[in-house]
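Right, one structure below, let's go through it.
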Amino acid sequence: MNLDHFKTKALQLDKSDALAEFRRLFLFPRHQNRKVIYLTGNSLGLQPITARNALLQELDDWAVHGVEGHFKAKHPWYAYHEMFVAPMSHLIGGLPDEVVVMNGLTTNLHLLMATFYRPNKQRYKILCESKAFPSDRYALETQIRHHGLNVEDTLIEIGPREGEYIVDERDILAAIADHRDQLALVMMGGVNYYTGQVFDIARITRASHDAGALCGWDLAHAVGNIPLKLHGDTVDFAAWCSYKYLNAGPGSVSGVFIHQKHAQNTTLPRLGGWWGHDKTTRFKMEPNFKPMPSAEGWQLSNAPVFAMAPLKASLDIFIQAGGMEPLRRKSIALSAWLREVLAAVAQTTGVQLKVITPSSSERCGAQVSVLVEGISGKSLFDRLSENGVVADWREPNVIRMAPVPLYNNFEDIYRFMEILHDGVLTIKEGKYAE
Ligand SMILES: Cc1ncc(COP(=O)(O)O)c(C=O)c1O
């Protein structure tokens with residue numbers, strides 16, 4: 001196969017890419033003296049070069065000011081979390097009082113369910129996707145048990161139809177309608193971590209409300225990846241992490257959205273802590289909890305500044321890039337290019353590289369999940385890894401890849417193509433021992 005034509009095309013696409021320079025703002029691991037082909041931004045985003053100084057600033061302020069850093073640090077720690085409200089609400093299409101950054105993602109899912117999953121005799125069921133990320137399943141399962149209910153009667157899981165990979169949204173809507181009298185909560189992932197399927201947030205939320213249920217979203221794979229308009233879509237609540245497309249570093253803090261109609265309601269039951277208490281009287285240290293009338297009213301603890309500092313650096317880059325619109329444009333083009341390359345390699349080698357991610361740009365983000373058939377998918381994945389491609393392997397035979405518009409370029413995908421083509425042929429011809 002002559003790959004020259006693909007190389008020329010990749011270089012042309014890079015030349016006309018308005019976001020090309022942003023790649024330089026990130027640190028790439030290296031393989032044999034070259035940047036790796038990093039296709040796992042859906043798992044852990046790359047480090048912004050500005051993250052180190054953002055973190056050092058806080059360490060320095062701690063060294064210089066000690067406790068007084070709460071007020072004298074460059075970004076005073078007592079209000080540190082407030083810096084994230086504007087950029088985060090912009091990314092997720094929320095109002096400032098609907099957004100807060102705190103804790104880890106699964107912790108926040110539990111905190112949100114403490115408020116928004118209040119089963120009673122009539123309404124107690126939760127509907128979710130059957131192949132949600134395991135942590136979400138564990139959170140739902142344990143919430144149900146926490147309320148003394150049993151999982152089999154309470155949790156309705158909707159998966160792909162027999163022999164399919166993608167969930168047909170009509171099945172979700174039908175199940176919502178079927179259980180409408182007992183449904184308390186619909187809890188979905190905005191983008192499925194395995195297939196990359198993007199769900200129609202507005203439609204599913206509307207259907208949940210029509211059935212008298214609340215609707216919450218795990219947006220771990222959606223934030224910084226696809227455009228979101230949570231306020232307009234009347235989402236009740238959502239949470240996400242910041243270490244994937246938001247590039248804030250391993251285990252970094254989670255974001256939370258609570259729709260204004262709930263966020264302003266200080267009578268809603270919740271698990272409280274001093275950082276959720278009315279900030280004008282917080283330091284009076286009085287006994288009675290008075291939550292703030294905003295998403296901040298769900299905070300428990302003062303801000304983990306070191307975990308948050310890289311997030312600030314990363315969100316500044318999103319602002320510099322002009323927000324989600326230009327990023328999404330490039331993301332669609334990069335994914336289309338990756339699909340073109342996969343199809344060309346499959347065609348010339350005769351090996352099936354079946355993309356299970358939906359093809360419509362409405363239904364997919366910056367992730368392409370490929371089912372390998374005809375050769376060992378794991379051998380192919382190993383071969384890619386040995387040659388500097390960082391992708392993600394999922395049993396039984398799926399390779400997940402995420403071309404991320406902030407730091408991947410079209411040439412990355414071309415270099416991937418060379419390695420893929422060579423790898424497929426080598427394995428097919430039996431030259432590669434498993
Ligand atoms: C969709 C989804 N939900 C939940 C989690 C768990 O996140 P955390 O460990 O930050 O709670 C992950 C982690 O990758 C995820 O992808």
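Going through the structure tokens in order, the chains are called A, B, and so on, while each chain numbers its residues from 1 and the ligands are numbered from 1 in the order shown.
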request  = Identify, counting only C-alpha atoms and all ligand atoms, the protein, DNA and RNA residues located within 7 Å of ligand 1, and give them as a PyMOL selection string.
outcome  = chain A and resi 43+104-107+132-133+135-136+189+192-193+218-221+241+251+254
Write a file of the just-selected residues containing all heavy atoms, as a compact mmCIF listing (two decimals), in the first residue's frame.
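Writing done, so here's out-v5.txt:
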```txt
# COMPACT_ATOMS: atom_id res chain seq x y z
N SER A 43 -8.88 9.07 28.61
CA SER A 43 -8.57 8.38 29.85
C SER A 43 -7.83 9.35 30.78
O SER A 43 -8.29 9.66 31.88
CB SER A 43 -7.71 7.16 29.52
OG SER A 43 -7.44 6.45 30.67
N GLY A 104 -14.10 14.17 44.22
CA GLY A 104 -13.91 13.31 43.05
C GLY A 104 -15.26 13.01 42.44
O GLY A 104 -16.31 13.27 43.05
N LEU A 105 -15.24 12.44 41.24
CA LEU A 105 -16.50 12.24 40.51
C LEU A 105 -17.47 11.31 41.23
O LEU A 105 -18.64 11.64 41.43
CB LEU A 105 -16.16 11.71 39.10
CG LEU A 105 -17.32 11.19 38.26
CD1 LEU A 105 -18.44 12.21 38.14
CD2 LEU A 105 -16.82 10.83 36.86
N THR A 106 -16.99 10.12 41.65
CA THR A 106 -17.93 9.17 42.26
C THR A 106 -18.47 9.73 43.58
O THR A 106 -19.65 9.55 43.90
CB THR A 106 -17.24 7.80 42.46
OG1 THR A 106 -16.62 7.42 41.22
CG2 THR A 106 -18.25 6.74 42.84
N THR A 107 -17.61 10.41 44.32
CA THR A 107 -18.07 11.06 45.56
C THR A 107 -19.23 12.00 45.23
O THR A 107 -20.26 12.02 45.92
CB THR A 107 -16.92 11.89 46.19
OG1 THR A 107 -15.77 11.08 46.26
CG2 THR A 107 -17.29 12.43 47.55
N ALA A 132 -22.79 1.10 31.73
CA ALA A 132 -22.22 2.34 32.27
C ALA A 132 -20.86 2.02 32.86
O ALA A 132 -20.52 0.85 33.09
CB ALA A 132 -23.15 2.89 33.36
N PHE A 133 -20.07 3.04 33.13
CA PHE A 133 -18.77 2.84 33.78
C PHE A 133 -19.02 2.15 35.13
O PHE A 133 -19.94 2.51 35.85
CB PHE A 133 -18.09 4.19 33.98
CG PHE A 133 -16.66 4.08 34.36
CD1 PHE A 133 -15.69 3.83 33.40
CD2 PHE A 133 -16.27 4.19 35.69
CE1 PHE A 133 -14.37 3.71 33.76
CE2 PHE A 133 -14.94 4.07 36.05
CZ PHE A 133 -13.98 3.82 35.08
N SER A 135 -17.95 2.28 38.11
CA SER A 135 -18.09 3.07 39.33
C SER A 135 -19.52 3.61 39.46
O SER A 135 -20.08 3.67 40.56
CB SER A 135 -17.08 4.22 39.34
OG SER A 135 -16.90 4.71 40.63
N ASP A 136 -20.12 3.97 38.34
CA ASP A 136 -21.50 4.48 38.37
C ASP A 136 -22.45 3.36 38.79
O ASP A 136 -23.38 3.57 39.56
CB ASP A 136 -21.92 5.00 36.98
CG ASP A 136 -21.10 6.20 36.57
OD1 ASP A 136 -19.90 6.24 36.89
OD2 ASP A 136 -21.65 7.11 35.93
N GLY A 189 -24.80 8.18 31.37
CA GLY A 189 -23.53 8.77 30.98
C GLY A 189 -23.76 9.56 29.69
O GLY A 189 -24.42 9.05 28.78
N ASN A 192 -20.82 7.26 26.30
CA ASN A 192 -20.47 5.95 26.86
C ASN A 192 -18.95 5.73 26.75
O ASN A 192 -18.36 5.92 25.68
CB ASN A 192 -21.23 4.85 26.12
CG ASN A 192 -20.91 3.47 26.68
OD1 ASN A 192 -19.92 2.86 26.29
ND2 ASN A 192 -21.70 3.03 27.61
N TYR A 193 -18.35 5.30 27.86
CA TYR A 193 -16.87 5.21 27.90
C TYR A 193 -16.33 4.14 26.95
O TYR A 193 -15.20 4.22 26.49
CB TYR A 193 -16.40 4.91 29.33
CG TYR A 193 -16.50 3.46 29.72
CD1 TYR A 193 -15.38 2.62 29.68
CD2 TYR A 193 -17.71 2.90 30.08
CE1 TYR A 193 -15.47 1.28 30.01
CE2 TYR A 193 -17.82 1.56 30.41
CZ TYR A 193 -16.70 0.76 30.37
OH TYR A 193 -16.79 -0.57 30.67
N ASP A 218 -23.69 11.61 34.17
CA ASP A 218 -22.24 11.52 34.38
C ASP A 218 -21.59 11.99 33.08
O ASP A 218 -21.73 11.34 32.04
CB ASP A 218 -21.87 10.05 34.69
CG ASP A 218 -20.36 9.86 34.80
OD1 ASP A 218 -19.60 10.73 34.33
OD2 ASP A 218 -19.93 8.82 35.33
N LEU A 219 -20.89 13.10 33.16
CA LEU A 219 -20.34 13.69 31.93
C LEU A 219 -18.82 13.56 31.86
O LEU A 219 -18.15 14.37 31.21
CB LEU A 219 -20.78 15.16 31.85
CG LEU A 219 -22.32 15.32 31.80
CD1 LEU A 219 -22.71 16.78 31.82
CD2 LEU A 219 -22.90 14.64 30.55
N ALA A 220 -18.28 12.52 32.49
CA ALA A 220 -16.82 12.32 32.50
C ALA A 220 -16.24 12.32 31.08
O ALA A 220 -15.18 12.89 30.83
CB ALA A 220 -16.48 11.00 33.19
N HIS A 221 -16.95 11.68 30.16
CA HIS A 221 -16.43 11.57 28.79
C HIS A 221 -17.00 12.63 27.86
O HIS A 221 -16.76 12.59 26.66
CB HIS A 221 -16.70 10.16 28.24
CG HIS A 221 -15.84 9.13 28.88
ND1 HIS A 221 -14.68 8.67 28.30
CD2 HIS A 221 -15.93 8.51 30.08
CE1 HIS A 221 -14.11 7.80 29.10
NE2 HIS A 221 -14.85 7.68 30.19
N CYS A 241 -15.44 14.46 35.72
CA CYS A 241 -14.08 14.59 36.26
C CYS A 241 -13.31 15.55 35.38
O CYS A 241 -13.78 15.94 34.31
CB CYS A 241 -13.39 13.22 36.32
SG CYS A 241 -13.29 12.43 34.72
N GLY A 251 -6.60 12.02 38.90
CA GLY A 251 -7.45 12.14 40.09
C GLY A 251 -7.90 13.55 40.40
O GLY A 251 -8.43 13.81 41.49
N SER A 254 -13.52 17.10 40.56
CA SER A 254 -14.72 16.90 39.75
C SER A 254 -15.52 18.20 39.68
O SER A 254 -15.41 19.06 40.56
CB SER A 254 -15.53 15.78 40.41
OG SER A 254 -16.86 15.77 40.00
```
Write out as CSV the residues of range 137-226 of chain A that have any atom within 9 Å of an atom of range 116-119 of chain A, one row each with the nearest atom pair and its distance in Å to one decimal, counting only C-alpha atoms, sorted by chain and then rising number.
```
residue,atom,partner,partner_atom,distance
A:Gln143,CA,A:Tyr117,CA,8.3
A:Ile144,CA,A:Pro119,CA,8.7
A:His147,CA,A:Pro119,CA,7.6
A:Ala184,CA,A:Pro119,CA,6.4
A:Leu185,CA,A:Tyr117,CA,6.5
A:Leu214,CA,A:Phe116,CA,7.3
A:Cys215,CA,A:Phe116,CA,8.8
A:Gly216,CA,A:Phe116,CA,8.5
```
Those same residues, written as a PDB file, in the first residue's frame with C-alpha atoms?
```pdb
ATOM      1  CA  GLN A 143     -27.450   3.924  46.910  1.00  0.00           C
ATOM      2  CA  ILE A 144     -30.308   1.498  46.371  1.00  0.00           C
ATOM      3  CA  HIS A 147     -32.236   2.982  51.136  1.00  0.00           C
ATOM      4  CA  ALA A 184     -37.597   8.177  40.581  1.00  0.00           C
ATOM      5  CA  LEU A 185     -34.403   8.831  38.639  1.00  0.00           C
ATOM      6  CA  LEU A 214     -35.478  13.462  37.728  1.00  0.00           C
ATOM      7  CA  CYS A 215     -32.584  13.086  35.313  1.00  0.00           C
ATOM      8  CA  GLY A 216     -28.879  13.170  36.184  1.00  0.00           C
TER       9      GLY A 216
END
```
Sorted by chain and rising residue number, which residues of range 280-398 of chain A lie within 8 Å of range 415-433 of chain A, and what are their closest atom pairs and distances in Å to one decimal, counting only C-alpha atoms, as a Markdown table?
```
| residue | atom | partner | partner_atom | distance |
| --- | --- | --- | --- | --- |
| A:Val341 | CA | A:Met417 | CA | 6.3 |
| A:Leu342 | CA | A:Met417 | CA | 7.4 |
| A:Val345 | CA | A:His421 | CA | 5.8 |
| A:Thr349 | CA | A:Leu425 | CA | 6.7 |
| A:Val351 | CA | A:Val424 | CA | 7.5 |
| A:Ile375 | CA | A:Lys428 | CA | 6.5 |
| A:Ser376 | CA | A:Ile427 | CA | 7.9 |
| A:Ser379 | CA | A:Ile427 | CA | 7.4 |
| A:Leu380 | CA | A:Gly423 | CA | 6.2 |
| A:Arg383 | CA | A:Gly423 | CA | 6.1 |
| A:Leu384 | CA | A:Ile419 | CA | 6.5 |
| A:Asn387 | CA | A:Ile419 | CA | 6.9 |
| A:Val389 | CA | A:Phe416 | CA | 6.8 |
```
request  = Could you give me, as a ChimeraX atom specification, each residue of range 169-312 of chain A that DSSP assigns to strand (DSSP E or B) when run on this structure's backbone?
outcome  = /A:183-189,191,197-198,214-218,237-240,254-258,277,291
query = Neighbours of Gly232 in chain A within 9 Å (only C-alpha atoms; same-chain residues fewer than 5 positions away dropped), as a list in words?
reply = Gly93, Gly94 and Ala202 of chain A
Could you save those same residues with N, CA and C atoms as a PDB file, in the first residue's frame?
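Listed below is the output, again-v1.pdb:
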```
ATOM      1  N   GLY A  93     -22.397  24.850  29.586  1.00  0.00           N
ATOM      2  CA  GLY A  93     -23.656  25.525  29.279  1.00  0.00           C
ATOM      3  C   GLY A  93     -24.538  25.659  30.499  1.00  0.00           C
ATOM      4  N   GLY A  94     -23.928  26.132  31.593  1.00  0.00           N
ATOM      5  CA  GLY A  94     -24.694  26.327  32.822  1.00  0.00           C
ATOM      6  C   GLY A  94     -24.585  27.766  33.289  1.00  0.00           C
ATOM      7  N   ALA A 202     -30.865  16.296  25.887  1.00  0.00           N
ATOM      8  CA  ALA A 202     -32.126  17.056  25.957  1.00  0.00           C
ATOM      9  C   ALA A 202     -33.321  16.112  25.871  1.00  0.00           C
TER      10      ALA A 202
END
```
query = What is the CA of Gly212 in chain A to CA of Ile176 in chain A distance in Å?
reply =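 Computed distance, CA of Gly212 in chain A to CA of Ile176 in chain A, equals 9.8 Å.
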key: Top pick for closest residue to Leu268 in chain A, considering A:Pro160, A:Lys330, A:Ser369, A:Ala114 and counting only C-alpha atoms   = A:Ala114
Return as CSV the residues of range 171-263 of chain A lying at most 9 Å from range 121-127 of chain A, together with the closest atom-to-atom pair for each and the distance in Å to one decimal, counting only C-alpha atoms, with rows in chain order and ascending residue number.
```
residue,atom,partner,partner_atom,distance
A:Ile172,CA,A:Leu127,CA,8.5
A:Ala175,CA,A:Leu127,CA,8.1
A:Ile176,CA,A:Leu127,CA,7.5
A:His179,CA,A:Lys125,CA,8.0
A:Arg180,CA,A:Arg123,CA,8.9
A:Asp181,CA,A:Arg123,CA,6.8
A:Gln182,CA,A:Arg123,CA,4.1
A:Leu183,CA,A:Lys125,CA,4.6
A:Ala184,CA,A:Arg123,CA,5.0
A:Leu185,CA,A:Ile126,CA,4.8
A:Val186,CA,A:Leu127,CA,4.7
A:Met187,CA,A:Leu127,CA,6.2
A:Met188,CA,A:Leu127,CA,8.0
A:Ala213,CA,A:Arg123,CA,8.3
```
request  = Would you please work out which residue, of A:Pro287, A:Gly255, A:Gly196, A:Pro304, is nearest to Val370 in chain A when using only C-alpha atoms?
outcome  =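 Of the candidates, the smallest distance to Val370 in chain A is held by A:Gly196.
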Each residue of range 285-366 of chain A with at least one atom at most 9 Å from range 76-80 of chain A should appear once, together with its nearest atom pair and the corresponding distance in Å (one decimal); atoms considered: only C-alpha atoms; ordering: chain, then increasing residue number; output as a tab-separated table.
```
residue	atom	partner	partner_atom	distance
A:Asn302	CA	A:Tyr78	CA	7.3
A:Ala303	CA	A:Tyr80	CA	6.6
A:Pro304	CA	A:Tyr80	CA	8.9
A:Val305	CA	A:Trp77	CA	6.9
A:Met308	CA	A:Tyr80	CA	8.5
```
message = Just checking: using only C-alpha atoms, which residue out of A:Gln197, A:Ala248, A:Phe410, A:Trp217 ends up closest to Ser361 in chain A?
response =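 Of all the options, A:Gln197 lies closest to Ser361 in chain A.
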ask   = Pick from A:Met88, A:Val167, A:Pro310, A:Val198: nearest to Arg363 in chain A, with only C-alpha atoms counted?
value = A:Val198
Selected residue, from A:Pro227, A:Gly388, A:Gly377, A:Pro96, that lies nearest to Tyr38 in chain A when counting only C-alpha atoms =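 Going through A:Pro227, A:Gly388, A:Gly377, A:Pro96 one by one, the smallest distance to Tyr38 in chain A is for A:Gly388.
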request  = Please provide as JSON, numbers by chain all residues within 8 Å of Ile356 in chain A, with the sequence filter that same-chain residues fewer than 6 positions apart are discarded (counting only C-alpha atoms).
outcome  = {"A": [165, 166, 195, 368, 369, 370, 371]}
inquiry  = Please determine, counting only C-alpha atoms, which residue among A:Asn225, A:Ser385, A:Ser359, A:Asn150 has the shortest atom-to-atom distance to Gly323 in chain A.
reply    =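 Closest residue, counting only C-alpha atoms: A:Asn225.
What separates CA of Pro29 in chain A from CA of Asp412 in chain A is a distance of 13.7 Å.
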inquiry  = Just the number, please: distance in Å from CA of Ile258 in chain A to CA of Gly365 in chain A, one decimal.
reply    =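 According to the coordinates, CA of Ile258 in chain A and CA of Gly365 in chain A are separated by 23.6 Å.
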Helix (DSSP H, G or I) call set, DSSP backbone run, range 119-267 of chain A, as an MDAnalysis selection string = chainID A and resid 134:146 151:154 169:178 201:210 260:263
